[in-house]
>>> print(open('final-v2.csv').read())   # CSV, C-alpha atoms
chain,number,residue,atom,x,y,z
A,1,MET,CA,-6.6,9.3,-11.7
A,2,ALA,CA,-4.6,6.4,-10.3
A,3,LEU,CA,-2.6,4.4,-12.8
A,4,GLU,CA,-1.0,1.0,-12.6
A,5,LEU,CA,2.8,1.4,-12.4
A,6,GLY,CA,5.3,-0.5,-14.4
A,7,LEU,CA,9.1,-0.7,-14.8
A,8,ASP,CA,9.1,2.5,-16.8
A,9,HIS,CA,8.1,4.2,-13.5
A,10,LEU,CA,11.2,3.0,-11.6
A,11,PRO,CA,13.0,6.4,-11.5
A,12,ALA,CA,9.8,8.1,-10.2
A,13,CYS,CA,9.3,5.4,-7.6
A,14,LEU,CA,12.9,5.7,-6.4
A,15,ALA,CA,12.5,9.5,-6.2
A,16,LEU,CA,9.2,9.3,-4.2
A,17,ASP,CA,10.7,6.6,-2.0
A,18,GLN,CA,13.6,8.9,-1.2
A,19,ARG,CA,11.4,11.9,-0.5
A,20,ALA,CA,8.7,10.1,1.5
A,21,LEU,CA,10.4,7.1,3.0
A,22,GLY,CA,14.0,8.1,3.2
A,23,GLY,CA,15.1,5.5,0.6
A,24,LEU,CA,13.5,2.5,2.1
A,25,TRP,CA,13.9,0.3,-1.0
A,26,THR,CA,16.7,-0.2,-3.4
A,27,ALA,CA,16.4,0.0,-7.2
A,28,ALA,CA,16.4,-3.8,-7.3
A,29,GLN,CA,13.6,-4.1,-4.8
A,30,TRP,CA,11.5,-1.5,-6.7
A,31,SER,CA,12.3,-3.3,-10.0
A,32,SER,CA,10.9,-6.6,-8.5
A,33,GLU,CA,7.8,-4.8,-7.2
A,34,LEU,CA,7.1,-3.2,-10.6
A,35,GLN,CA,7.6,-6.3,-12.7
A,36,GLU,CA,6.0,-9.1,-10.8
A,37,PRO,CA,2.4,-9.8,-12.0
A,38,ARG,CA,1.2,-10.7,-8.4
A,39,ARG,CA,2.6,-7.4,-7.0
A,40,PRO,CA,0.2,-4.7,-8.1
A,41,CYS,CA,1.4,-1.1,-7.7
A,42,TRP,CA,-0.7,2.0,-8.2
A,43,GLY,CA,0.4,5.6,-8.3
A,44,LEU,CA,-0.6,9.2,-8.9
A,45,LEU,CA,1.4,11.3,-11.2
A,46,GLU,CA,1.6,15.1,-11.3
A,47,GLY,CA,3.3,15.8,-14.6
A,48,GLU,CA,6.3,13.4,-14.6
A,49,GLN,CA,6.5,13.4,-10.8
A,50,LEU,CA,5.1,10.5,-8.8
A,51,ILE,CA,3.2,12.0,-5.8
A,52,ALA,CA,1.6,8.9,-4.3
A,53,VAL,CA,2.0,5.1,-4.5
A,54,ALA,CA,0.5,2.0,-3.0
A,55,CYS,CA,2.0,-1.5,-3.6
A,56,GLY,CA,1.1,-5.0,-2.5
A,57,TRP,CA,1.8,-8.6,-2.9
A,58,LEU,CA,-0.9,-11.1,-3.7
A,59,VAL,CA,-0.3,-14.4,-1.8
A,60,VAL,CA,-3.1,-16.9,-2.4
A,61,ASP,CA,-6.2,-15.0,-1.2
A,62,GLU,CA,-4.4,-12.3,0.8
A,63,LEU,CA,-3.0,-8.9,-0.3
A,64,HIS,CA,0.0,-8.0,1.8
A,65,ILE,CA,0.5,-4.2,1.4
A,66,THR,CA,4.2,-3.6,1.1
A,67,ALA,CA,4.3,0.2,0.7
A,68,VAL,CA,2.1,3.3,0.8
A,69,ALA,CA,3.8,6.7,0.3
A,70,VAL,CA,2.8,10.2,-0.4
A,71,ASP,CA,5.0,13.1,-1.3
A,72,PRO,CA,5.6,15.1,2.0
A,73,GLY,CA,4.5,18.3,0.3
A,74,ARG,CA,1.2,16.7,-0.8
A,75,GLN,CA,0.1,14.8,2.4
A,76,ARG,CA,-3.3,15.2,3.9
A,77,GLN,CA,-5.0,15.7,0.6
A,78,GLY,CA,-6.5,12.2,0.2
A,79,LEU,CA,-3.9,11.0,-2.2
A,80,GLY,CA,-2.8,8.0,-0.1
A,81,ARG,CA,-6.4,7.0,0.3
A,82,ARG,CA,-7.0,7.2,-3.5
A,83,VAL,CA,-4.1,4.8,-4.4
A,84,LEU,CA,-4.7,2.5,-1.5
A,85,GLU,CA,-8.4,2.2,-2.4
A,86,ARG,CA,-7.4,1.4,-6.0
A,87,LEU,CA,-5.0,-1.3,-4.8
A,88,LEU,CA,-7.7,-2.8,-2.6
A,89,GLU,CA,-10.2,-2.8,-5.5
A,90,GLN,CA,-7.7,-4.6,-7.8
A,91,ALA,CA,-6.8,-7.1,-5.2
A,92,ALA,CA,-10.5,-7.9,-4.6
A,93,ALA,CA,-11.0,-8.3,-8.4
A,94,LEU,CA,-8.1,-10.7,-8.5
A,95,GLY,CA,-9.6,-12.9,-5.7
A,96,ALA,CA,-8.1,-11.6,-2.5
A,97,ALA,CA,-10.4,-12.1,0.4
A,98,HIS,CA,-8.5,-9.8,2.8
A,99,ALA,CA,-5.6,-7.4,3.1
A,100,THR,CA,-2.9,-6.9,5.7
A,101,LEU,CA,0.0,-4.7,6.5
A,102,GLU,CA,2.4,-3.6,9.2
A,103,VAL,CA,2.6,0.0,10.4
A,104,ALA,CA,4.7,1.6,13.1
A,105,ALA,CA,2.7,2.0,16.3
A,106,SER,CA,3.9,5.6,16.4
A,107,ASN,CA,2.7,6.5,12.9
A,108,GLY,CA,-0.5,8.3,13.7
A,109,ALA,CA,-1.1,9.6,10.2
A,110,ALA,CA,-0.8,6.2,8.6
A,111,LEU,CA,-3.0,4.6,11.3
A,112,ALA,CA,-5.7,7.2,10.6
A,113,LEU,CA,-5.5,6.5,6.9
A,114,TYR,CA,-5.8,2.7,7.4
A,115,GLY,CA,-8.6,3.2,9.8
A,116,ARG,CA,-10.5,5.3,7.2
A,117,CYS,CA,-10.0,2.5,4.7
A,118,GLY,CA,-11.5,-0.1,7.0
A,119,PHE,CA,-8.4,-1.6,8.6
A,120,SER,CA,-8.2,-2.6,12.3
A,121,THR,CA,-5.4,-3.8,14.5
A,122,ALA,CA,-5.1,-7.6,14.6
A,123,GLY,CA,-1.8,-7.9,16.4
A,124,ILE,CA,1.5,-6.4,17.4
A,125,ARG,CA,5.1,-7.3,16.4
A,126,ARG,CA,7.4,-6.0,19.2
A,127,GLY,CA,10.6,-4.4,18.1
A,128,TYR,CA,9.8,-5.0,14.4
A,129,TYR,CA,11.6,-2.0,13.0
A,130,ARG,CA,15.3,-1.3,12.9
A,131,ASN,CA,14.9,1.5,15.4
A,132,GLY,CA,13.1,-0.8,17.8
A,133,ASP,CA,9.6,0.5,17.2
A,134,ASP,CA,6.7,-1.9,17.4
A,135,ALA,CA,4.6,-2.7,14.4
A,136,LEU,CA,0.8,-3.0,14.5
A,137,VAL,CA,-0.5,-5.7,12.2
A,138,GLN,CA,-3.5,-4.2,10.4
A,139,TRP,CA,-6.1,-6.3,8.7
A,140,ARG,CA,-9.4,-5.9,6.8
A,141,ARG,CA,-11.7,-8.2,4.9
A,142,LEU,CA,-12.3,-7.4,1.2
A,143,HIS,CA,-15.4,-9.6,0.8
A,144,ASP,CA,-18.3,-10.3,3.1
A,145,ALA,CA,-19.7,-13.8,3.8
A,146,GLN,CA,-21.7,-13.8,0.6
A,147,GLU,CA,-18.5,-13.0,-1.5
A,148,VAL,CA,-19.7,-9.5,-2.2
A,149,ARG,CA,-16.8,-7.0,-2.5
A,150,ILE,CA,-16.7,-4.6,0.4
A,151,ALA,CA,-16.0,-1.0,-0.8
A,152,ALA,CA,-12.6,0.3,0.3
A,153,HIS,CA,-14.2,3.3,2.0
A,154,SER,CA,-16.5,1.1,4.3
>>> encode(input="final-v2.csv", output="structure tokens")
Amino acid sequence: MALELGLDHLPACLALDQRALGGLWTAAQWSSELQEPRRPCWGLLEGEQLIAVACGWLVVDELHITAVAVDPGRQRQGLGRRVLERLLEQAAALGAAHATLEVAASNGAALALYGRCGFSTAGIRRGYYRNGDDALVQWRRLHDAQEVRIAAHS
């Protein structure tokens, strides 16, 4: 079951970040992510080990997804989808109308995950990443016109 992460999960977040993202964020960045009330962060633990995480930042009525990571040894088991769906559900409950993120155009696995969760490409940021890769801006609505929450798996 996905659980909301807090500052006590900082070491586990740093460890998963290192395994799955190559140390993308510093301890200070993770600390901010885990302490800010408008930055929900959900994870899946196996024992004491964090095996999946999804974090975002609520800005007015938008959830900007800042990180989704799954332990390399546990990928393709639906874990990323579970934490991402929980993050989207919480954002919708807190009033977010849509969600957005950037993903490397070459990251087929992530694009497939986001597609299964209802995201579509809304734009491109050329040379967005340090290595020169382009980013695809992904977007999805969390509510329909009648303000009814749209399920994460739609």
>>> residues_around(input="final-v2.csv", residues="region 45-55 of chain A", least_positions_apart="5", cutoff="9 Å", atoms="all atoms listed in the file", output="JSON, numbers by chain")
{"A": [1, 2, 3, 5, 9, 12, 13, 15, 16, 33, 34, 39, 40, 64, 65, 66, 67, 68, 69, 70, 71, 72, 73, 74, 79, 80, 82, 83, 84, 85, 86, 87]}
>>> atom_distance(input="final-v2.csv", atom1="CA of Gly6 (chain A)", atom2="CA of Leu88 (chain A)")
17.7 Å
>>> closest_residue(input="final-v2.csv", among="A:Gln75, A:Ser106, A:Gln90, A:Thr100", to="Asn131 (chain A)", atoms="only C-alpha atoms")
A:Ser106
>>> atom_distance(input="final-v2.csv", atom1="CA of Phe119 (chain A)", atom2="CA of Gln138 (chain A)")
5.8 Å
>>> atom_distance(input="final-v2.csv", atom1="CA of Gln35 (chain A)", atom2="CA of Trp139 (chain A)")
25.4 Å
>>> closest_residue(input="final-v2.csv", among="A:Ala135, A:Ile124, A:Val59, A:Leu111", to="Ala99 (chain A)", atoms="only C-alpha atoms")
A:Val59
>>> closest_residue(input="final-v2.csv", among="A:Ser31, A:Gly56, A:Gly132, A:Ala112", to="Ala91 (chain A)", atoms="only C-alpha atoms")
A:Gly56
>>> closest_residue(input="final-v2.csv", among="A:His143, A:Glu62, A:Leu101, A:Gly22", to="Ser120 (chain A)", atoms="all atoms listed in the file")
A:Leu101
>>> closest_residue(input="final-v2.csv", among="A:Asp133, A:Glu102, A:Leu44, A:Gly23", to="Gly78 (chain A)", atoms="only C-alpha atoms")
A:Leu44
>>> closest_residue(input="final-v2.csv", among="A:Leu14, A:Ala104, A:Ala20, A:Ala96", to="Gly127 (chain A)", atoms="all atoms listed in the file")
A:Ala104
>>> build_atoms(input="final-v2.csv", residues="region 39-69 of chain A", atoms="N, CA and C atoms", output="PDB file, in the coordinates of the input")
ATOM      1  N   ARG A  39       2.247  -8.550  -7.874  1.00  0.00           N
ATOM      2  CA  ARG A  39       2.600  -7.400  -7.000  1.00  0.00           C
ATOM      3  C   ARG A  39       2.061  -6.134  -7.633  1.00  0.00           C
ATOM      4  N   PRO A  40       0.758  -5.902  -7.507  1.00  0.00           N
ATOM      5  CA  PRO A  40       0.200  -4.700  -8.100  1.00  0.00           C
ATOM      6  C   PRO A  40       0.733  -3.427  -7.406  1.00  0.00           C
ATOM      7  N   CYS A  41       0.912  -2.405  -8.195  1.00  0.00           N
ATOM      8  CA  CYS A  41       1.400  -1.100  -7.700  1.00  0.00           C
ATOM      9  C   CYS A  41       0.733  -0.002  -8.409  1.00  0.00           C
ATOM     10  N   TRP A  42       0.094   0.867  -7.641  1.00  0.00           N
ATOM     11  CA  TRP A  42      -0.700   2.000  -8.200  1.00  0.00           C
ATOM     12  C   TRP A  42      -0.092   3.301  -7.754  1.00  0.00           C
ATOM     13  N   GLY A  43      -0.158   4.289  -8.635  1.00  0.00           N
ATOM     14  CA  GLY A  43       0.400   5.600  -8.300  1.00  0.00           C
ATOM     15  C   GLY A  43      -0.411   6.733  -8.887  1.00  0.00           C
ATOM     16  N   LEU A  44      -0.088   7.914  -8.411  1.00  0.00           N
ATOM     17  CA  LEU A  44      -0.600   9.200  -8.900  1.00  0.00           C
ATOM     18  C   LEU A  44       0.513  10.017  -9.411  1.00  0.00           C
ATOM     19  N   LEU A  45       0.423  10.458 -10.650  1.00  0.00           N
ATOM     20  CA  LEU A  45       1.400  11.300 -11.200  1.00  0.00           C
ATOM     21  C   LEU A  45       0.937  12.750 -11.314  1.00  0.00           C
ATOM     22  N   GLU A  46       1.849  13.674 -11.096  1.00  0.00           N
ATOM     23  CA  GLU A  46       1.600  15.100 -11.300  1.00  0.00           C
ATOM     24  C   GLU A  46       2.693  15.502 -12.325  1.00  0.00           C
ATOM     25  N   GLY A  47       2.311  15.604 -13.570  1.00  0.00           N
ATOM     26  CA  GLY A  47       3.300  15.800 -14.600  1.00  0.00           C
ATOM     27  C   GLY A  47       4.119  14.472 -14.685  1.00  0.00           C
ATOM     28  N   GLU A  48       5.417  14.565 -14.571  1.00  0.00           N
ATOM     29  CA  GLU A  48       6.300  13.400 -14.600  1.00  0.00           C
ATOM     30  C   GLU A  48       6.597  12.908 -13.145  1.00  0.00           C
ATOM     31  N   GLN A  49       6.165  13.672 -12.153  1.00  0.00           N
ATOM     32  CA  GLN A  49       6.500  13.400 -10.800  1.00  0.00           C
ATOM     33  C   GLN A  49       5.459  12.465 -10.109  1.00  0.00           C
ATOM     34  N   LEU A  50       5.915  11.367  -9.534  1.00  0.00           N
ATOM     35  CA  LEU A  50       5.100  10.500  -8.800  1.00  0.00           C
ATOM     36  C   LEU A  50       4.803  11.124  -7.408  1.00  0.00           C
ATOM     37  N   ILE A  51       3.518  11.316  -7.056  1.00  0.00           N
ATOM     38  CA  ILE A  51       3.200  12.000  -5.800  1.00  0.00           C
ATOM     39  C   ILE A  51       2.564  11.040  -4.760  1.00  0.00           C
ATOM     40  N   ALA A  52       2.141   9.855  -5.192  1.00  0.00           N
ATOM     41  CA  ALA A  52       1.600   8.900  -4.300  1.00  0.00           C
ATOM     42  C   ALA A  52       1.709   7.493  -4.864  1.00  0.00           C
ATOM     43  N   VAL A  53       1.907   6.502  -4.010  1.00  0.00           N
ATOM     44  CA  VAL A  53       2.000   5.100  -4.500  1.00  0.00           C
ATOM     45  C   VAL A  53       1.510   4.173  -3.409  1.00  0.00           C
ATOM     46  N   ALA A  54       0.927   3.067  -3.864  1.00  0.00           N
ATOM     47  CA  ALA A  54       0.500   2.000  -3.000  1.00  0.00           C
ATOM     48  C   ALA A  54       0.808   0.670  -3.708  1.00  0.00           C
ATOM     49  N   CYS A  55       1.540  -0.208  -3.045  1.00  0.00           N
ATOM     50  CA  CYS A  55       2.000  -1.500  -3.600  1.00  0.00           C
ATOM     51  C   CYS A  55       1.599  -2.631  -2.715  1.00  0.00           C
ATOM     52  N   GLY A  56       1.418  -3.794  -3.301  1.00  0.00           N
ATOM     53  CA  GLY A  56       1.100  -5.000  -2.500  1.00  0.00           C
ATOM     54  C   GLY A  56       1.591  -6.230  -3.166  1.00  0.00           C
ATOM     55  N   TRP A  57       1.430  -7.320  -2.454  1.00  0.00           N
ATOM     56  CA  TRP A  57       1.800  -8.600  -2.900  1.00  0.00           C
ATOM     57  C   TRP A  57       0.694  -9.577  -2.687  1.00  0.00           C
ATOM     58  N   LEU A  58       0.168 -10.163  -3.758  1.00  0.00           N
ATOM     59  CA  LEU A  58      -0.900 -11.100  -3.700  1.00  0.00           C
ATOM     60  C   LEU A  58      -0.355 -12.505  -3.372  1.00  0.00           C
ATOM     61  N   VAL A  59      -0.731 -13.063  -2.224  1.00  0.00           N
ATOM     62  CA  VAL A  59      -0.300 -14.400  -1.800  1.00  0.00           C
ATOM     63  C   VAL A  59      -1.572 -15.189  -1.538  1.00  0.00           C
ATOM     64  N   VAL A  60      -1.853 -16.134  -2.411  1.00  0.00           N
ATOM     65  CA  VAL A  60      -3.100 -16.900  -2.400  1.00  0.00           C
ATOM     66  C   VAL A  60      -4.270 -15.998  -2.356  1.00  0.00           C
ATOM     67  N   ASP A  61      -4.987 -15.867  -1.233  1.00  0.00           N
ATOM     68  CA  ASP A  61      -6.200 -15.000  -1.200  1.00  0.00           C
ATOM     69  C   ASP A  61      -5.952 -13.766  -0.314  1.00  0.00           C
ATOM     70  N   GLU A  62      -4.687 -13.388  -0.112  1.00  0.00           N
ATOM     71  CA  GLU A  62      -4.400 -12.300   0.800  1.00  0.00           C
ATOM     72  C   GLU A  62      -3.534 -11.231   0.003  1.00  0.00           C
ATOM     73  N   LEU A  63      -3.868  -9.954   0.213  1.00  0.00           N
ATOM     74  CA  LEU A  63      -3.000  -8.900  -0.300  1.00  0.00           C
ATOM     75  C   LEU A  63      -2.189  -8.401   0.908  1.00  0.00           C
ATOM     76  N   HIS A  64      -0.882  -8.534   0.786  1.00  0.00           N
ATOM     77  CA  HIS A  64       0.000  -8.000   1.800  1.00  0.00           C
ATOM     78  C   HIS A  64       0.492  -6.636   1.257  1.00  0.00           C
ATOM     79  N   ILE A  65       0.096  -5.556   1.886  1.00  0.00           N
ATOM     80  CA  ILE A  65       0.500  -4.200   1.400  1.00  0.00           C
ATOM     81  C   ILE A  65       1.914  -3.969   1.832  1.00  0.00           C
ATOM     82  N   THR A  66       2.740  -3.697   0.841  1.00  0.00           N
ATOM     83  CA  THR A  66       4.200  -3.600   1.100  1.00  0.00           C
ATOM     84  C   THR A  66       4.624  -2.107   1.204  1.00  0.00           C
ATOM     85  N   ALA A  67       3.913  -1.180   0.586  1.00  0.00           N
ATOM     86  CA  ALA A  67       4.300   0.200   0.700  1.00  0.00           C
ATOM     87  C   ALA A  67       3.123   1.134   0.337  1.00  0.00           C
ATOM     88  N   VAL A  68       3.013   2.187   1.112  1.00  0.00           N
ATOM     89  CA  VAL A  68       2.100   3.300   0.800  1.00  0.00           C
ATOM     90  C   VAL A  68       2.917   4.553   1.128  1.00  0.00           C
ATOM     91  N   ALA A  69       3.040   5.433   0.143  1.00  0.00           N
ATOM     92  CA  ALA A  69       3.800   6.700   0.300  1.00  0.00           C
ATOM     93  C   ALA A  69       3.184   7.812  -0.401  1.00  0.00           C
TER      94      ALA A  69
END
